[in-house]
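**Student:** Sharing coords.cif here; it has mmCIF, C-alpha atoms and all ligand atoms.
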```cif
data_target
#
loop_
_atom_site.label_atom_id
_atom_site.label_comp_id
_atom_site.auth_asym_id
_atom_site.auth_seq_id
_atom_site.Cartn_x
_atom_site.Cartn_y
_atom_site.Cartn_z
CA MET A 232 88.74 95.62 76.28
CA SER A 233 88.22 99.08 77.71
CA LYS A 234 90.97 101.59 77.03
CA ILE A 235 93.92 101.85 79.42
CA LEU A 236 95.58 105.23 79.90
CA VAL A 237 99.14 105.12 81.28
CA THR A 238 100.51 108.23 82.99
CA GLY A 239 104.26 108.84 83.29
CA ALA A 240 104.41 107.16 79.88
CA THR A 241 107.68 108.81 78.86
CA GLY A 242 109.37 107.63 82.06
CA HIS A 243 111.14 104.37 82.86
CA LEU A 244 108.27 102.61 84.60
CA GLY A 245 105.43 103.92 82.43
CA SER A 246 107.20 103.06 79.17
CA GLY A 247 108.05 99.61 80.59
CA ILE A 248 104.39 99.03 81.46
CA ILE A 249 103.34 99.97 77.92
CA ASN A 250 105.95 97.62 76.41
CA HIS A 251 104.77 94.75 78.58
CA LEU A 252 101.12 95.43 77.74
CA LEU A 253 102.02 95.22 74.04
CA GLU A 254 104.03 92.01 74.65
CA LYS A 255 100.98 90.55 76.37
CA GLY A 256 98.99 91.13 73.19
CA VAL A 257 97.05 94.25 74.18
CA ASN A 258 96.29 96.20 71.00
CA ALA A 259 98.13 99.49 70.69
CA ALA A 260 94.71 101.00 69.89
CA ASP A 261 93.56 100.09 73.42
CA ILE A 262 96.44 101.95 75.08
CA THR A 263 96.61 105.70 75.54
CA ALA A 264 99.60 107.53 76.98
CA LEU A 265 99.54 110.73 78.99
CA VAL A 266 102.49 112.97 78.05
CA ARG A 267 103.38 116.50 79.05
CA SER A 268 104.35 117.67 75.58
CA GLU A 269 104.41 116.58 71.95
CA LYS A 270 108.17 116.20 72.32
CA GLY A 271 107.70 113.17 74.56
CA ALA A 272 105.06 111.66 72.32
CA GLU A 273 107.08 110.65 69.26
CA LYS A 274 108.36 107.23 70.42
CA LEU A 275 104.89 106.29 71.66
CA LYS A 276 103.23 107.37 68.42
CA GLU A 277 105.70 105.18 66.49
CA LYS A 278 104.27 102.22 68.42
CA GLY A 279 100.73 103.19 67.41
CA ILE A 280 99.87 104.51 70.87
CA GLU A 281 97.52 107.48 71.06
CA THR A 282 98.97 110.26 73.19
CA ARG A 283 97.09 112.90 75.13
CA ILE A 284 98.64 115.97 76.66
CA GLY A 285 98.24 116.74 80.34
CA SER A 286 100.22 117.66 83.42
CA TYR A 287 99.58 116.60 87.02
CA GLU A 288 99.43 120.34 87.73
CA ASP A 289 96.32 120.85 85.59
CA ALA A 290 93.15 119.06 86.72
CA SER A 291 91.00 120.28 83.81
CA ALA A 292 93.52 119.14 81.16
CA LEU A 293 93.65 115.78 82.93
CA THR A 294 89.85 115.47 82.94
CA GLU A 295 89.85 116.13 79.20
CA ALA A 296 92.68 113.60 78.65
CA PHE A 297 90.90 110.89 80.67
CA LYS A 298 87.62 111.07 78.68
CA GLY A 299 86.59 107.72 77.15
CA ILE A 300 89.19 105.82 79.18
CA GLY A 301 88.22 102.77 81.29
CA THR A 302 91.34 102.01 83.34
CA LEU A 303 93.75 104.61 84.61
CA MET A 304 97.30 103.32 85.15
CA PHE A 305 98.41 106.10 87.48
CA VAL A 306 102.20 106.25 87.84
CA SER A 307 103.05 108.47 90.81
CA SER A 308 104.73 111.85 90.26
CA PRO A 309 108.53 112.07 90.57
CA ASP A 310 108.42 115.50 92.22
CA PHE A 311 110.69 115.79 95.29
CA ASP A 312 108.34 118.22 97.05
CA ASN A 313 105.99 115.90 98.92
CA THR A 314 103.38 118.58 99.59
CA LEU A 315 103.25 119.53 95.93
CA ARG A 316 103.16 115.88 95.00
CA ILE A 317 100.04 115.26 97.09
CA ASN A 318 98.46 118.22 95.32
CA GLN A 319 99.41 116.81 91.90
CA HIS A 320 98.03 113.39 92.83
CA ALA A 321 94.80 114.98 94.05
CA ASN A 322 94.41 116.57 90.60
CA VAL A 323 94.78 113.16 88.96
CA VAL A 324 92.25 111.47 91.25
CA LEU A 325 89.73 114.29 90.92
CA ALA A 326 90.08 114.20 87.13
CA ALA A 327 89.64 110.40 87.13
CA ARG A 328 86.38 110.78 89.03
CA ASN A 329 85.12 113.63 86.88
CA ALA A 330 86.00 111.86 83.63
CA GLY A 331 84.19 108.64 84.65
CA ILE A 332 87.24 106.37 84.93
CA THR A 333 86.07 102.89 86.03
CA ARG A 334 89.30 101.45 87.48
CA ILE A 335 92.47 102.98 88.96
CA VAL A 336 95.77 101.12 89.26
CA TYR A 337 98.16 103.24 91.32
CA THR A 338 101.88 102.85 92.02
CA GLY A 339 102.41 103.53 95.72
CA ILE A 340 105.14 102.47 98.15
CA ALA A 341 105.65 99.07 99.75
CA PHE A 342 104.48 98.67 103.34
CA ALA A 343 103.18 102.24 103.36
CA GLU A 344 101.60 101.99 106.82
CA THR A 345 104.85 101.07 108.57
CA MET A 346 107.36 102.71 106.21
CA ASN A 347 109.07 105.95 107.26
CA VAL A 348 111.43 107.10 104.50
CA ALA A 349 111.74 110.74 103.40
CA GLY A 350 108.02 111.34 104.06
CA LEU A 351 107.13 109.21 101.03
CA GLN A 352 104.60 107.23 103.05
CA TYR A 353 102.49 110.37 103.56
CA VAL A 354 102.25 111.01 99.81
CA HIS A 355 101.26 107.47 98.96
CA LEU A 356 98.84 106.92 101.85
CA ALA A 357 97.17 110.27 101.12
CA THR A 358 96.77 109.30 97.47
CA GLU A 359 95.48 105.81 98.26
CA ASN A 360 92.95 107.27 100.69
CA MET A 361 91.84 109.86 98.16
CA ILE A 362 91.34 107.13 95.56
CA LYS A 363 89.21 105.22 98.08
CA THR A 364 86.93 108.25 98.52
CA THR A 365 85.92 108.04 94.85
CA ASP A 366 84.53 104.49 95.15
CA ILE A 367 86.29 103.68 91.88
CA PRO A 368 87.65 100.09 92.06
CA TYR A 369 91.40 100.29 92.65
CA THR A 370 94.54 98.21 92.74
CA PHE A 371 97.47 99.57 94.71
CA LEU A 372 100.82 98.43 93.36
CA ARG A 373 102.89 99.28 96.39
CA ASN A 374 106.27 99.25 94.72
CA GLY A 375 109.42 98.60 96.68
CA PHE A 376 112.51 100.70 96.04
CA TYR A 377 114.17 100.03 92.71
CA LEU A 378 117.43 98.07 92.55
CA GLU A 379 118.46 100.74 90.04
CA ASN A 380 118.78 103.14 93.02
CA ILE A 381 121.97 101.30 94.01
CA PHE A 382 123.41 100.98 90.50
CA GLY A 383 124.42 103.94 88.30
CA ASN A 384 127.07 106.12 89.93
CA THR A 385 127.20 103.90 93.05
CA LEU A 386 128.19 100.93 90.92
CA ALA A 387 130.59 102.89 88.69
CA ALA A 388 132.40 104.44 91.70
CA ALA A 389 132.77 101.05 93.42
CA VAL A 390 134.21 99.43 90.29
CA LYS A 391 136.57 102.37 89.73
CA SER A 392 137.89 102.72 93.28
CA GLY A 393 137.52 99.13 94.53
CA VAL A 394 135.48 100.40 97.52
CA LEU A 395 131.70 100.60 97.84
CA VAL A 396 131.02 103.41 100.30
CA THR A 397 127.71 103.27 102.21
CA ALA A 398 126.38 103.91 105.71
CA ALA A 399 124.25 100.76 105.60
CA ASP A 400 126.32 98.38 107.78
CA ASN A 401 125.16 94.86 107.04
CA GLY A 402 121.47 95.86 106.79
CA LYS A 403 119.18 93.99 104.44
CA TYR A 404 117.16 95.37 101.54
CA ASN A 405 114.30 94.04 99.43
CA PHE A 406 114.84 96.20 96.33
CA ALA A 407 113.33 95.01 93.04
CA LEU A 408 114.22 95.57 89.41
CA ARG A 409 111.99 98.27 87.93
CA ASP A 410 111.16 96.11 84.93
CA ASP A 411 109.78 93.37 87.21
CA LEU A 412 107.47 96.01 88.70
CA ALA A 413 106.42 97.04 85.18
CA ILE A 414 105.58 93.41 84.37
CA ALA A 415 103.52 93.14 87.57
CA ALA A 416 101.56 96.24 86.51
CA ALA A 417 100.90 94.77 83.05
CA VAL A 418 99.64 91.54 84.68
CA VAL A 419 97.25 93.42 86.97
CA LEU A 420 96.01 95.58 84.08
CA THR A 421 95.20 92.58 81.89
CA GLU A 422 93.64 90.26 84.48
CA SER A 423 90.50 90.43 86.57
CA GLY A 424 90.41 89.68 90.28
CA HIS A 425 92.72 92.47 91.44
CA GLU A 426 89.97 94.93 92.36
CA ASN A 427 90.31 96.70 95.71
CA LYS A 428 93.57 95.00 96.56
CA ALA A 429 96.96 96.33 97.66
CA TYR A 430 100.12 94.41 96.76
CA GLU A 431 103.45 94.86 98.55
CA LEU A 432 105.82 94.45 95.60
CA VAL A 433 109.33 93.78 96.84
CA ASN A 434 112.08 91.35 96.02
CA SER A 435 111.50 88.07 97.82
CA SER A 436 115.26 87.70 98.47
CA LEU A 437 116.76 90.10 101.01
CA ARG A 438 120.34 91.15 100.24
CA THR A 439 123.12 93.22 101.84
CA PHE A 440 125.96 95.39 100.53
CA GLU A 441 128.37 92.61 101.55
CA ASP A 442 126.49 90.41 99.03
CA TYR A 443 126.72 93.27 96.52
CA VAL A 444 130.53 93.54 96.66
CA THR A 445 130.98 89.77 96.63
CA ILE A 446 128.91 89.52 93.44
CA LEU A 447 130.55 92.59 91.91
CA SER A 448 134.04 91.22 92.62
CA GLN A 449 133.09 87.95 90.90
CA LEU A 450 131.55 89.73 87.91
CA THR A 451 134.44 92.17 87.39
CA GLY A 452 137.33 89.96 88.49
CA LYS A 453 138.41 92.85 90.71
CA SER A 454 138.53 92.87 94.52
CA ILE A 455 135.83 95.29 95.70
CA LYS A 456 135.30 95.95 99.40
CA HIS A 457 132.34 97.40 101.27
CA GLU A 458 133.09 100.26 103.67
CA SER A 459 130.24 101.43 105.90
CA LEU A 460 130.90 104.90 107.33
CA SER A 461 129.03 107.27 109.64
CA PRO A 462 126.34 109.26 107.75
CA GLU A 463 128.40 112.49 107.70
CA GLU A 464 131.57 110.72 106.57
CA ALA A 465 129.65 108.78 103.92
CA VAL A 466 128.11 111.94 102.40
CA SER A 467 131.47 113.67 102.28
CA ARG A 468 133.25 110.61 100.77
CA LEU A 469 130.53 110.20 98.12
CA VAL A 470 130.79 113.88 97.19
CA LYS A 471 134.60 113.58 97.04
CA GLU A 472 134.17 110.65 94.66
CA GLY A 473 132.13 112.85 92.31
CA GLU A 474 128.49 112.43 93.42
CA ILE A 475 126.43 115.61 93.65
CA GLU A 476 125.51 116.54 97.23
CA PRO A 477 121.69 116.06 97.01
CA VAL A 478 122.12 112.56 95.59
CA ALA A 479 124.85 111.69 98.11
CA SER A 480 122.56 112.89 100.92
CA PHE A 481 119.57 110.99 99.53
CA ASN A 482 121.63 107.81 99.24
CA VAL A 483 122.80 108.10 102.84
CA TYR A 484 119.64 109.35 104.55
CA GLY A 485 117.02 107.95 102.14
CA LEU A 486 118.58 104.54 101.44
CA TYR A 487 121.46 103.51 103.70
CA LEU A 488 120.13 104.64 107.10
CA PRO A 489 116.61 103.29 106.43
CA ILE A 490 118.32 100.00 105.48
CA VAL A 491 120.05 99.97 108.89
CA GLN A 492 116.70 100.74 110.56
CA GLY A 493 115.12 97.69 108.88
CA GLN A 494 112.77 99.78 106.70
CA PHE A 495 113.57 97.66 103.66
CA SER A 496 113.78 94.24 105.28
CA LYS A 497 110.06 93.49 105.16
CA GLU A 498 109.11 90.48 103.10
CA SER A 499 106.32 89.67 100.68
CA SER A 500 105.87 87.15 97.88
CA ALA A 501 103.27 89.27 96.04
CA LEU A 502 105.68 90.33 93.26
CA GLU A 503 106.79 86.74 92.73
CA GLN A 504 103.15 85.62 92.57
CA LEU A 505 102.11 88.33 90.09
CA ILE A 506 105.00 87.83 87.67
CA GLY A 507 104.98 84.03 88.05
CA ARG A 508 108.69 83.66 88.83
CA LYS A 509 111.28 84.79 91.34
CA PRO A 510 111.97 88.52 91.02
CA THR A 511 115.27 89.25 89.22
CA SER A 512 118.14 88.48 91.60
CA LEU A 513 120.83 90.97 92.63
CA GLU A 514 123.31 88.79 90.67
CA ASP A 515 121.33 89.00 87.42
CA ALA A 516 120.45 92.65 87.89
CA LEU A 517 124.12 93.58 88.51
CA LYS A 518 125.16 91.56 85.45
CA GLN A 519 122.69 93.54 83.31
CA ALA A 520 123.71 96.83 84.91
CA ILE A 521 127.42 96.26 84.21
CA ILE A 522 126.71 95.45 80.56
CA THR A 523 124.59 98.59 80.07
CA GLN A 524 126.90 100.94 82.04
N1 LIG B 1 110.52 102.84 93.92
C1 LIG B 1 111.58 103.63 93.69
O1 LIG B 1 112.74 103.31 94.01
C2 LIG B 1 111.35 104.92 92.97
C3 LIG B 1 112.44 105.69 92.58
C4 LIG B 1 112.19 106.86 91.88
C5 LIG B 1 110.89 107.23 91.62
N2 LIG B 1 109.85 106.47 92.03
C6 LIG B 1 108.43 106.81 91.78
O2 LIG B 1 107.98 105.95 90.71
C7 LIG B 1 107.56 106.77 89.60
C8 LIG B 1 107.96 106.09 88.31
O3 LIG B 1 109.36 105.90 88.30
P1 LIG B 1 110.21 106.15 86.98
O4 LIG B 1 111.52 105.54 87.23
O5 LIG B 1 109.42 105.75 85.80
O6 LIG B 1 110.35 107.75 86.98
P2 LIG B 1 110.77 108.65 85.74
O7 LIG B 1 111.54 107.86 84.75
O8 LIG B 1 111.40 109.86 86.33
O9 LIG B 1 109.38 109.05 85.05
C9 LIG B 1 108.52 109.99 85.61
C10 LIG B 1 107.40 110.25 84.63
O10 LIG B 1 106.50 111.19 85.23
C11 LIG B 1 106.24 112.22 84.28
N3 LIG B 1 105.95 113.47 84.97
C12 LIG B 1 106.79 114.21 85.73
N4 LIG B 1 106.16 115.29 86.21
C13 LIG B 1 104.91 115.25 85.70
C14 LIG B 1 103.79 116.13 85.79
N5 LIG B 1 103.84 117.26 86.51
N6 LIG B 1 102.66 115.80 85.13
C15 LIG B 1 102.59 114.65 84.39
N7 LIG B 1 103.62 113.79 84.27
C16 LIG B 1 104.77 114.09 84.92
C17 LIG B 1 107.51 112.32 83.47
O11 LIG B 1 107.23 113.00 82.24
P3 LIG B 1 108.34 113.88 81.46
O12 LIG B 1 109.00 112.91 80.51
O13 LIG B 1 107.53 114.90 80.76
O14 LIG B 1 109.27 114.44 82.49
C18 LIG B 1 107.83 110.84 83.29
O15 LIG B 1 107.05 110.29 82.26
C19 LIG B 1 108.24 108.12 89.84
O16 LIG B 1 107.53 109.13 89.19
C20 LIG B 1 108.22 108.22 91.34
O17 LIG B 1 106.94 108.61 91.82
C21 LIG B 1 110.05 105.30 92.68
#
```
Could I get this structure in the form of structure tokens?
Ligand SMILES: NC(=O)c1ccc[n+]([C@@H]2O[C@H](COP(=O)([O-])OP(=O)(O)OC[C@H]3O[C@@H](n4cnc5c(N)ncnc54)[C@H](OP(=O)(O)O)[C@@H]3O)[C@@H](O)[C@H]2O)c1
**Tutor:**
Amino acid sequence: MSKILVTGATGHLGSGIINHLLEKGVNAADITALVRSEKGAEKLKEKGIETRIGSYEDASALTEAFKGIGTLMFVSSPDFDNTLRINQHANVVLAARNAGITRIVYTGIAFAETMNVAGLQYVHLATENMIKTTDIPYTFLRNGFYLENIFGNTLAAAVKSGVLVTAADNGKYNFALRDDLAIAAAVVLTESGHENKAYELVNSSLRTFEDYVTILSQLTGKSIKHESLSPEEAVSRLVKEGEIEPVASFNVYGLYLPIVQGQFSKESSALEQLIGRKPTSLEDALKQAIITQ
């Protein structure tokens, strides 16, 4: 097997992909992890994974890090500045070409052509198109939004106050558990037949925040209601409840309003097909999230 290099290897998705590759029987010696510093490398080294240092900001360090690698598992940058992000991604793609990478698996965004959320579609379409210019065989894992985006503080505040504040009305969302997306990546990386394909990886069951509070009430034994406010009211209520303003604004304008607009109600069974089972349900994901809170 040719070597696989995973970028974003210290992050949630990248580390999940590495764990699932190991579970699938890929030898640690065939996996390399890109890290930004030695500090992030320790846990990976303990698993027998070779680490190489490189930042998305530095095309020549990336070219050096990619030498001798067959498949690049390119996890997109988490930077909030979309213009900078395109620049970072261009460095990765250029380095892949210059280092002689033979396959690129890239984590984009689901339904990129018709999606319009926080300008993310521009970043991912630009990157996909740049990858296509290299003629390197690719697989685009167009990941849906993570279910984890609506857990964390959102979940804790709802359990504490008995009210889940959103601006999402009864809109539907197709969010998927991040670990299901990591499994899908490990499947694509270890199988043939995925060359030059794009997969829309979303949950095959659409859910609403009314479903969310019903499940949460059952799981906690507490009555939790959903209150959908205007965007301005929702931001101010979330901030009052302890959320920091940028996150409150992102939740309202980057999640809840796009939900109302139907941006997350598109359906695909690609995730289900890749992982060979139904994606983790909102019920099971909330159960796990409550335990780990
Ligand atoms: N679908 C969604 O709902 C959703 C939500 C959030 C993000 N995303 C996207 O999906 C990606 C993976 O998600 P995640 O949850 O795994 O994110 P994460 O936990 O924040 O991990 C991001 C990874 O990227 C690395 N990184 C950051 N800046 C870098 C740079 N300049 N050069 C090289 N590596 C860099 C980080 O390394 P360090 O440990 O050194 O910081 C970390 O390993 C994100 O990066 C983002 O593009 C998707």
**Student:** Please, which residues have at least one atom within 8 Å of an atom of ligand LIG 1 (chain B), using only C-alpha atoms and all ligand atoms, listed as number ranges by chain?
**Tutor:** A: 238-246, 265-268, 271, 285-288, 306-310, 319, 338-340, 374-380, 406, 409
**Student:** Just the residues within 10 Å of stretch 511-520 of chain A, please, counting only C-alpha atoms, with nothing from its chain fewer than 2 positions along; format it as a PyMOL selection string.
**Tutor:** chain A and resi 378-379+381-383+386-387+405-411+434-439+442-443+445-447+449-451+503+508-509+522-524
**Student:** Take atom CA of A:Gly331 and atom CA of A:Leu412 and report the distance between them in Å, one decimal.
**Tutor:** 26.8 Å
**Student:** Calculated over all atoms listed in the file, which of the candidates A:Leu502, A:Ala260, A:Ile490, A:Val418 has the smallest distance to A:Ala399?
**Tutor:**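 Nearest to A:Ala399: A:Ile490.
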**Student:** How many Å lie between atom CA of A:Thr364 and atom CA of A:Glu426, rounded to one decimal?
**Tutor:**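 A separation of 15.0 Å between them.
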**Student:** Using only C-alpha atoms for the distances, tell me which of A:Ser461, A:Ser291, A:Asn427, A:Thr421 is nearest to A:Asn360.
**Tutor:** A:Asn427
**Student:** Identify which of the residues A:Ser500, A:Thr385, A:Ser392, A:Ser454 lies closest to A:Leu432, counting all atoms listed in the file when measuring atom-to-atom distances.
**Tutor:**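 Of A:Ser500, A:Thr385, A:Ser392, A:Ser454, the one nearest A:Leu432 is A:Ser500, counting all atoms listed in the file.
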**Student:** Quote the spacing between atom CA of A:Tyr484 and atom CA of A:Phe440 in Å to one decimal place.
**Tutor:**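 Atom CA of A:Tyr484 sits 15.8 Å away from atom CA of A:Phe440.
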**Student:** Here is a test: counting all atoms listed in the file, which residue of A:Ala388, A:Leu275, A:Ala501, A:Ala292 is nearest to A:Arg373?
**Tutor:**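 Comparing A:Ala388, A:Leu275, A:Ala501, A:Ala292 against A:Arg373, the winner is A:Ala501.
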